[in-house]
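A.B. asks: Before I ask anything, let me first share the structure, which is written out below as structure tokens.
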Amino acid sequence: MRPIPCSRDMDFGQSNLFGYIEDLQELTIIERPVRRSLKTPEEIERLTVDEELNDIERALYLLSSGQDVQGTSVVANLPVLMRQNPAETLRRVLPKIREVLHVAGVEMQLTAAVSFLTVLQDESVSIHTYSHSFLHIILQNLEHRDAGVSNAWLETLLAVIEALPKETIRHEILNPLVSKAQISQTLQSRLVSCKIMGKLANKFEAHIVKREILPLVKSLCQDVEYEVRTCMCRQLEHVAQGIGTELTKTVVLPELVELARDEGSSVRLAAFETLVNLLDMFDSDDRRQTVLPLVKSFCEKSFKADESILVSLSFHLGKLCNGLYGIFTPEQHLRFLEFYKKLCTLGLQQENGHNDNQLQLQTLEQEKKYISVRKNCAYNFPAMIVFVDPKNFHLELYSIFFCLCHDPEVTVRYTMAISFYEVAKLLNSSVCTIQKELVTLLQDESLEVLDALVGHLPEILELMINGGENSGSESKLLSIPDLIPALTTAEQRAATSLKWRTHEKLLQKYACLPQIISSDQIYYRFLHRMLAIILTNNVLPVQKAAARTLCVYLRYNRKQEQRHEVIQKLIEQLGQGKSYWNRLRFLDTCEFIMELFSKSFFCKYFFLPVLELTHDPVANVRIKLCYLLPKVKSTLKIPTDKHLLQQLELCIRKLLCQEKDKDVLTIVKRFQKRFYENDLLDQEKERQEHLLLEMFLSSKNLSAPLKSSGSLLICQEQLEKEKQQNEGRSANVNDKIFEKKRRDNKPSSVLVKSMTLSSGNSSGASTGKEDKKSKLVRSQSFNTQALHPKYNNIDKCSNKSSATGYTSSLSGMGKSCMLSFSDDSFRTRSTGNSGNATFSSSSSLISSRNSFNSTDQKNNGNKESQSRKMSIKNRKSNS
């Protein structure tokens, strides 16, 4: 279709008018199928269901008069109906589903098979109810004409057999199976019987299997159809596991030998694979006299007349060689090794010195088969190293290893890259012999090969360095001279591709390089590359992987000037970069630094640059910084980093006062609240410590040990009482406020009485008791008032204080005392002078309370005298 020109260029002459009309007609033709796909009013009416119907009624309606898609939806929803209303679903919905399934299509049949299995797994009903209601429907649909539907119901039945009791299996499945396995039944019925036989062999005792199941097994192994013989041959492995070693030797093994000589290639293949899987159940005599001749026959025929078994033989060859290792003669050992070598190069030889370009379909299929054989050989390579002994690797298998690593097919090289770590572990001290192949796979043109190799790259490199003869630190580079160029090439190829997950994985694994190569090589070849990736790459996971690996390189860098240079670049190019994206990555890098480095290192180089981002013009940067604040604060050591703490407090106060973004402000307040609660918790611990110390000092002045123990008991009771009061304070807000005021007033009056009594009495015993009581009350006053006067600017600060119970004593002190508190919400206490400061503050608070109480008493006395005078005057005037 011609492009329609712009309106200013349109020519409505007769010559161009018909062209525009044709273009419009083409557009309408394109739009017609969309209109045809819409539902007509009649179709919409048929698909509409009354909303007042409940789930059961709606399901019955849709199964009766709805369309197939609606019925399929009901069947898919059957597990939900069973969980909600199992009785009604079993009584009304399930019979309707059974009726509909007789004429249902493939989609509904597959959905029903899955739903029935889900109901079993959900255990919505008992297994007895399930077998009574669902089992007959499953058995009826096993012989569906569609093979896919039949297999779906068969999988459901096999799962149900695992949960059914033996008696139910015997009556409902095993007894009908005798007639279903007869030669007069259909092919589909006999195939289903074979698979059920394998499952039932593990459900009954050996004598029952021998009497009732093995005759059917033999009959199906000799069936006239090769599909049935193949299917039953593959089930012989499960039958053997059910009947044990003795019956396997006398019953199963002869059947396998006969099936291994069957005329059908698929039957011979099934017999061979079953023999390999049952190899552990045969003794050495059976292996030598029966199994080994069969395997030799398979190997000889595989290249000549039976190439169908070649792929399977190459896949199981490693297991087969190691399973028969004890009975091999030296000649047989060498023959099987040569057979494996031949399979490794199968299809790579060029006939007559050139390749035929006119490949026919049969030749292409053969080529695919040869590729699968070489891939299986690569998979079995570690097993073949065990077969020949790692000491003989260089002599026997190195040439094959070289060929497989340089195979023209990516799938073969990919398999070698996956198994490379296993090969390196097996070679151990001889691992240096495969260093060149490691470099080759690192430089492979396919990123799939590189991705497979990188999975275990740190372990491989560690084996290369420590496992070889040159294991000294000075000879690291000499052992693998081409390693660094290969690693850099691999990273560049991953960076230029679209597979960023491979690039991310590669960068993560490159963090192992400080243990492999020297610090200078990392600095000049890798460290700056990581910084460039952080600055230029557009994929966030890749940037983060590069940032963490860079921090690891910086962590193990030995030269101070190189460290300073990298740190300066991080601060200038990331932390102070023009792009906010770089500043975000700077915060990610700082998080990795806090993880890998010490607290003092972070505080020395990165603490202040991080705080500078509180003034960042981009809100996302400030948000990320606020999320990072708890970790930043945890790096501080008080009193060493007191000046840094002051800077942090200043930045937070500025954010609270000046921040306009509500998200940033919310996060800052959340951090402030968390810090506030932690500080109060620390003060509570310190208060308890001082209380115990004061009680100990008071008990030290007493002469009797009984009084000392009594004072400790009083201290413990005091702490327990306060703890219970704090826990019960959160029940009711009004009760909590009343309880605060009552506790605030009571200690003050008791304190005044105790002080007057202690000053008035001169006897020694009463003075000691009152001193003890006054100290206890003074410690109680310290409990309620020796808190730092701060956190006034926090939102809902009064609620937080009342919730924790630490500021309850402040309510009785009046507004004048509250106004004298400082507004510094992040000032921490000095560990050296905390005790003196606390005691002095407590004494000052006590004196202020005493003066406050005395003033109240005077005021109360003045009020009483004035009221008396007024009453006398009133009496005189009345008289």
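As shown in the structure tokens, the chain order sets the letters A, B, ...; within each chain, residues go from 1, and ligands are also counted from 1 in the order they appear.
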Please provide the set of residues having any atom within 10 Å of Gly455 in chain A, restricted to only C-alpha atoms, with same-chain residues fewer than 3 positions apart removed, written as a PDB file with N, CA and C atoms, in the first residue's frame.
C.D. replies:
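The result, written out as out.pdb:
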```pdb
ATOM      1  N   ALA A 417      31.716 -27.538  28.818  1.00  0.00           N
ATOM      2  CA  ALA A 417      31.866 -26.426  29.759  1.00  0.00           C
ATOM      3  C   ALA A 417      31.156 -26.722  31.071  1.00  0.00           C
ATOM      4  N   ILE A 418      30.005 -27.387  31.010  1.00  0.00           N
ATOM      5  CA  ILE A 418      29.288 -27.735  32.240  1.00  0.00           C
ATOM      6  C   ILE A 418      30.079 -28.750  33.057  1.00  0.00           C
ATOM      7  N   TYR A 421      34.294 -28.449  35.507  1.00  0.00           N
ATOM      8  CA  TYR A 421      34.646 -28.432  36.928  1.00  0.00           C
ATOM      9  C   TYR A 421      34.809 -29.841  37.483  1.00  0.00           C
ATOM     10  N   LEU A 450      30.159 -19.863  27.364  1.00  0.00           N
ATOM     11  CA  LEU A 450      30.761 -19.030  28.406  1.00  0.00           C
ATOM     12  C   LEU A 450      29.898 -19.037  29.661  1.00  0.00           C
ATOM     13  N   ASP A 451      28.597 -18.942  29.512  1.00  0.00           N
ATOM     14  CA  ASP A 451      27.703 -18.947  30.660  1.00  0.00           C
ATOM     15  C   ASP A 451      27.798 -20.262  31.424  1.00  0.00           C
ATOM     16  N   ALA A 452      27.909 -21.382  30.710  1.00  0.00           N
ATOM     17  CA  ALA A 452      28.035 -22.679  31.370  1.00  0.00           C
ATOM     18  C   ALA A 452      29.355 -22.807  32.119  1.00  0.00           C
ATOM     19  N   PRO A 458      35.165 -19.652  39.752  1.00  0.00           N
ATOM     20  CA  PRO A 458      36.055 -19.491  40.909  1.00  0.00           C
ATOM     21  C   PRO A 458      36.662 -20.798  41.385  1.00  0.00           C
ATOM     22  N   GLU A 459      35.853 -21.862  41.424  1.00  0.00           N
ATOM     23  CA  GLU A 459      36.386 -23.153  41.869  1.00  0.00           C
ATOM     24  C   GLU A 459      37.400 -23.707  40.876  1.00  0.00           C
ATOM     25  N   ILE A 460      37.135 -23.513  39.582  1.00  0.00           N
ATOM     26  CA  ILE A 460      38.077 -24.012  38.573  1.00  0.00           C
ATOM     27  C   ILE A 460      39.418 -23.290  38.676  1.00  0.00           C
ATOM     28  N   THR A 502      24.083 -13.026  31.590  1.00  0.00           N
ATOM     29  CA  THR A 502      25.407 -13.636  31.489  1.00  0.00           C
ATOM     30  C   THR A 502      26.488 -12.647  31.908  1.00  0.00           C
ATOM     31  N   LYS A 505      26.385 -12.321  35.704  1.00  0.00           N
ATOM     32  CA  LYS A 505      26.965 -13.520  36.315  1.00  0.00           C
ATOM     33  C   LYS A 505      28.480 -13.518  36.212  1.00  0.00           C
ATOM     34  N   LEU A 506      28.983 -13.086  35.064  1.00  0.00           N
ATOM     35  CA  LEU A 506      30.429 -13.037  34.849  1.00  0.00           C
ATOM     36  C   LEU A 506      31.084 -12.048  35.811  1.00  0.00           C
ATOM     37  N   LYS A 509      31.283 -13.446  39.336  1.00  0.00           N
ATOM     38  CA  LYS A 509      32.303 -14.472  39.512  1.00  0.00           C
ATOM     39  C   LYS A 509      33.714 -13.894  39.440  1.00  0.00           C
TER      40      LYS A 509
END
```
A.B. asks: Compile the contact shell of range 105-120 of chain A as an mmCIF file with N, CA, C and O atoms, in the first residue's frame: residues with an atom at most 6 Å away, counting only C-alpha atoms, same-chain residues fewer than 4 positions apart removed.
C.D. replies:
```
data_model
loop_
_atom_site.group_PDB
_atom_site.id
_atom_site.type_symbol
_atom_site.label_atom_id
_atom_site.label_comp_id
_atom_site.auth_asym_id
_atom_site.auth_seq_id
_atom_site.Cartn_x
_atom_site.Cartn_y
_atom_site.Cartn_z
ATOM 1 N N THR A 72 -16.087 -26.163 30.471
ATOM 2 C CA THR A 72 -14.678 -26.383 30.824
ATOM 3 C C THR A 72 -14.281 -25.536 32.023
ATOM 4 O O THR A 72 -13.520 -25.973 32.895
ATOM 5 N N VAL A 75 -15.527 -27.258 35.157
ATOM 6 C CA VAL A 75 -14.688 -28.409 35.495
ATOM 7 C C VAL A 75 -13.370 -27.952 36.103
ATOM 8 O O VAL A 75 -12.864 -28.544 37.064
ATOM 9 N N ALA A 76 -12.817 -26.867 35.574
ATOM 10 C CA ALA A 76 -11.567 -26.340 36.126
ATOM 11 C C ALA A 76 -11.774 -25.800 37.534
ATOM 12 O O ALA A 76 -10.848 -25.829 38.362
ATOM 13 N N PRO A 79 -12.132 -28.105 42.005
ATOM 14 C CA PRO A 79 -11.451 -28.132 43.312
ATOM 15 C C PRO A 79 -11.930 -27.042 44.267
ATOM 16 O O PRO A 79 -12.034 -27.269 45.474
ATOM 17 N N VAL A 149 -5.497 -37.556 25.764
ATOM 18 C CA VAL A 149 -6.492 -37.641 26.829
ATOM 19 C C VAL A 149 -6.301 -38.918 27.642
ATOM 20 O O VAL A 149 -6.360 -38.909 28.884
ATOM 21 N N TRP A 153 -5.523 -39.106 31.773
ATOM 22 C CA TRP A 153 -6.265 -39.867 32.773
ATOM 23 C C TRP A 153 -5.412 -40.958 33.407
ATOM 24 O O TRP A 153 -5.574 -41.263 34.605
ATOM 25 N N THR A 156 -3.347 -39.426 36.140
ATOM 26 C CA THR A 156 -4.187 -39.209 37.320
ATOM 27 C C THR A 156 -4.409 -40.521 38.074
ATOM 28 O O THR A 156 -4.333 -40.560 39.310
#
```
A.B. asks: Can you tell me, as JSON, numbers by chain, which residues in range 307-382 of chain A count as alpha helix (DSSP H) by DSSP?
C.D. replies: {"A": [310, 311, 312, 313, 314, 315, 316, 317, 318, 319, 320, 321, 322, 323, 330, 331, 332, 333, 334, 335, 336, 337, 338, 339, 340, 341, 342, 343, 344, 361, 362, 363, 364, 365, 366, 367, 368, 369, 370, 371, 372, 373, 374, 375, 376, 377, 378, 379, 381, 382]}
A.B. asks: Show which residues sit within 8 Å of Pro382 in chain A, as a short mmCIF file (atom, residue, chain, number, x, y, z; two decimals) with C-alpha atoms, in the first residue's frame. Count only C-alpha atoms, and ignore same-chain residues fewer than 3 positions away.
C.D. replies:
```cif
data_model
loop_
_atom_site.label_atom_id
_atom_site.label_comp_id
_atom_site.auth_asym_id
_atom_site.auth_seq_id
_atom_site.Cartn_x
_atom_site.Cartn_y
_atom_site.Cartn_z
CA TYR A 379 28.34 -35.73 29.32
CA ILE A 385 38.16 -40.45 33.63
CA VAL A 386 37.24 -42.65 36.58
CA SER A 419 31.39 -30.80 33.10
CA GLU A 422 34.05 -32.15 37.52
CA VAL A 423 36.96 -32.97 35.24
CA LEU A 426 39.03 -35.56 39.24
#
```
A.B. asks: Select, from A:Asp285, A:Val566, A:Val539, A:Leu629, the residue with the minimum atom-to-atom distance to Trp500 in chain A, counting only C-alpha atoms.
C.D. replies: A:Val539
A.B. asks: Residues at most 12 Å from Leu253 in chain A, counting only C-alpha atoms, excluding those fewer than 5 positions away in the same chain, as a list in words?
C.D. replies: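 In the requested form, the answer reads Lys218, Cys233, Leu236, Glu237, Val239, Ala240, Thr245, Glu246, Leu247, Thr248, Glu258, Leu259, Ala260, Ala271, Phe272, Thr274, Leu275, Val276, Leu278, Leu279, Met281, Phe282, Asp283, Asp286, Arg287, Gln289, Thr290, Val291 and Leu294 of chain A.
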A.B. asks: Would you export the selected residues with N, CA, C and O atoms as a compact mmCIF listing (two decimals), in the first residue's frame, please?
C.D. replies:
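Contents of selection.txt, as written:
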```
# COMPACT_ATOMS: atom_id res chain seq x y z
N LYS A 218 4.43 -61.48 31.96
CA LYS A 218 5.00 -62.35 30.93
C LYS A 218 4.15 -62.35 29.67
O LYS A 218 4.67 -62.35 28.55
N CYS A 233 8.45 -53.78 28.57
CA CYS A 233 9.88 -53.91 28.84
C CYS A 233 10.38 -52.74 29.70
O CYS A 233 11.19 -52.92 30.61
N LEU A 236 9.56 -53.25 33.39
CA LEU A 236 10.22 -54.34 34.12
C LEU A 236 11.13 -53.82 35.23
O LEU A 236 11.37 -54.52 36.22
N GLU A 237 11.64 -52.61 35.07
CA GLU A 237 12.47 -52.03 36.13
C GLU A 237 11.66 -51.85 37.41
O GLU A 237 12.13 -52.17 38.51
N VAL A 239 8.87 -53.45 38.15
CA VAL A 239 8.48 -54.78 38.61
C VAL A 239 9.62 -55.42 39.40
O VAL A 239 9.41 -56.04 40.45
N ALA A 240 10.84 -55.27 38.92
CA ALA A 240 12.00 -55.85 39.61
C ALA A 240 12.19 -55.24 40.99
O ALA A 240 12.53 -55.93 41.95
N THR A 245 15.52 -59.21 44.55
CA THR A 245 16.66 -59.65 43.75
C THR A 245 16.49 -61.06 43.21
O THR A 245 16.79 -61.34 42.04
N GLU A 246 16.00 -61.98 44.04
CA GLU A 246 15.92 -63.39 43.63
C GLU A 246 14.95 -63.58 42.47
O GLU A 246 15.28 -64.23 41.47
N LEU A 247 13.74 -63.03 42.60
CA LEU A 247 12.77 -63.16 41.51
C LEU A 247 13.21 -62.39 40.27
O LEU A 247 12.89 -62.81 39.14
N THR A 248 13.94 -61.30 40.47
CA THR A 248 14.45 -60.57 39.31
C THR A 248 15.42 -61.42 38.52
O THR A 248 15.41 -61.44 37.28
N GLU A 258 15.55 -62.18 26.29
CA GLU A 258 14.75 -62.48 25.10
C GLU A 258 14.33 -61.20 24.38
O GLU A 258 14.37 -61.13 23.14
N LEU A 259 13.96 -60.18 25.15
CA LEU A 259 13.56 -58.92 24.53
C LEU A 259 14.74 -58.20 23.89
O LEU A 259 14.57 -57.44 22.94
N ALA A 260 15.95 -58.42 24.39
CA ALA A 260 17.14 -57.80 23.80
C ALA A 260 17.43 -58.35 22.41
O ALA A 260 18.17 -57.71 21.63
N ALA A 271 15.03 -52.82 26.16
CA ALA A 271 15.69 -53.89 26.92
C ALA A 271 17.08 -53.47 27.36
O ALA A 271 17.50 -53.74 28.50
N PHE A 272 17.83 -52.80 26.47
CA PHE A 272 19.17 -52.35 26.82
C PHE A 272 19.14 -51.34 27.97
O PHE A 272 19.90 -51.44 28.94
N THR A 274 16.81 -50.89 30.23
CA THR A 274 16.38 -51.54 31.46
C THR A 274 17.51 -52.35 32.07
O THR A 274 17.69 -52.39 33.30
N LEU A 275 18.31 -53.02 31.24
CA LEU A 275 19.47 -53.76 31.74
C LEU A 275 20.45 -52.84 32.46
O LEU A 275 20.97 -53.17 33.53
N VAL A 276 20.72 -51.69 31.88
CA VAL A 276 21.66 -50.74 32.50
C VAL A 276 21.11 -50.25 33.84
O VAL A 276 21.84 -50.16 34.83
N LEU A 278 19.09 -51.79 35.84
CA LEU A 278 19.03 -52.88 36.83
C LEU A 278 20.39 -53.50 37.08
O LEU A 278 20.47 -54.56 37.72
N LEU A 279 21.46 -52.87 36.65
CA LEU A 279 22.79 -53.47 36.75
C LEU A 279 23.19 -53.75 38.20
O LEU A 279 23.86 -54.75 38.48
N MET A 281 21.37 -54.76 40.58
CA MET A 281 20.64 -55.89 41.17
C MET A 281 21.20 -57.24 40.73
O MET A 281 20.79 -58.27 41.27
N PHE A 282 22.13 -57.23 39.80
CA PHE A 282 22.72 -58.47 39.32
C PHE A 282 24.06 -58.71 40.00
O PHE A 282 24.82 -57.76 40.23
N ASP A 283 24.36 -59.96 40.29
CA ASP A 283 25.65 -60.28 40.88
C ASP A 283 26.71 -60.38 39.80
O ASP A 283 26.43 -60.24 38.60
N ASP A 286 26.08 -63.01 36.98
CA ASP A 286 25.08 -62.60 35.99
C ASP A 286 25.65 -61.53 35.06
O ASP A 286 25.37 -61.53 33.85
N ARG A 287 26.44 -60.64 35.62
CA ARG A 287 27.03 -59.60 34.78
C ARG A 287 28.00 -60.20 33.78
O ARG A 287 28.02 -59.80 32.61
N GLN A 289 28.25 -63.44 32.71
CA GLN A 289 27.73 -64.48 31.80
C GLN A 289 26.56 -63.99 30.95
O GLN A 289 26.36 -64.52 29.85
N THR A 290 25.81 -63.00 31.44
CA THR A 290 24.60 -62.60 30.73
C THR A 290 24.66 -61.16 30.22
O THR A 290 24.42 -60.90 29.02
N VAL A 291 24.97 -60.24 31.11
CA VAL A 291 24.89 -58.82 30.75
C VAL A 291 26.02 -58.44 29.80
O VAL A 291 25.78 -57.76 28.78
N LEU A 294 25.57 -59.37 26.16
CA LEU A 294 24.54 -58.56 25.53
C LEU A 294 25.05 -57.17 25.20
O LEU A 294 24.78 -56.62 24.12
```
A.B. asks: Provide the CA of Gly198 in chain A to CA of Cys321 in chain A distance in Å, to one decimal place.
C.D. replies: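 Value for the CA of Gly198 in chain A-CA of Cys321 in chain A distance: 27.6 Å.
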A.B. asks: In Å, how far is it from CA of Arg674 in chain A to CA of Leu636 in chain A?
C.D. replies: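 These atoms are spaced 16.3 Å apart.
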A.B. asks: Just the number, please: distance in Å from CA of Gln235 in chain A to CA of Leu310 in chain A, one decimal.
C.D. replies: 21.7 Å
A.B. asks: With a distance cut-off of 8 Å and only C-alpha atoms, select the neighbouring residues of Leu164 in chain A, excluding the residue or stretch itself and same-chain residues fewer than 4 positions from it, and output the selection as a list in words.
C.D. replies: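 Result of the neighbour search: Ile127, Ser131, Val160, Thr168 and Ile169 of chain A.
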A.B. asks: Include C-alpha atoms and write out the residues we just selected as an mmCIF file, in the first residue's frame.
C.D. replies:
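File written: again-v5.cif
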```
data_model
loop_
_atom_site.group_PDB
_atom_site.id
_atom_site.type_symbol
_atom_site.label_atom_id
_atom_site.label_comp_id
_atom_site.auth_asym_id
_atom_site.auth_seq_id
_atom_site.Cartn_x
_atom_site.Cartn_y
_atom_site.Cartn_z
ATOM 1 C CA ILE A 127 -9.766 -41.292 50.302
ATOM 2 C CA SER A 131 -12.450 -43.680 45.440
ATOM 3 C CA VAL A 160 -4.471 -42.088 42.822
ATOM 4 C CA THR A 168 -9.599 -50.963 46.927
ATOM 5 C CA ILE A 169 -6.736 -51.414 44.438
#
```
A.B. asks: Find the residues around range 87-99 of chain A up to 12 Å (only C-alpha atoms counted), leave out those fewer than 6 positions away in its own chain, and share them as a PyMOL selection string.
C.D. replies: chain A and resi 54-65+71-81+108-109+111-113+115-116+119+124-126+129-130+132-141
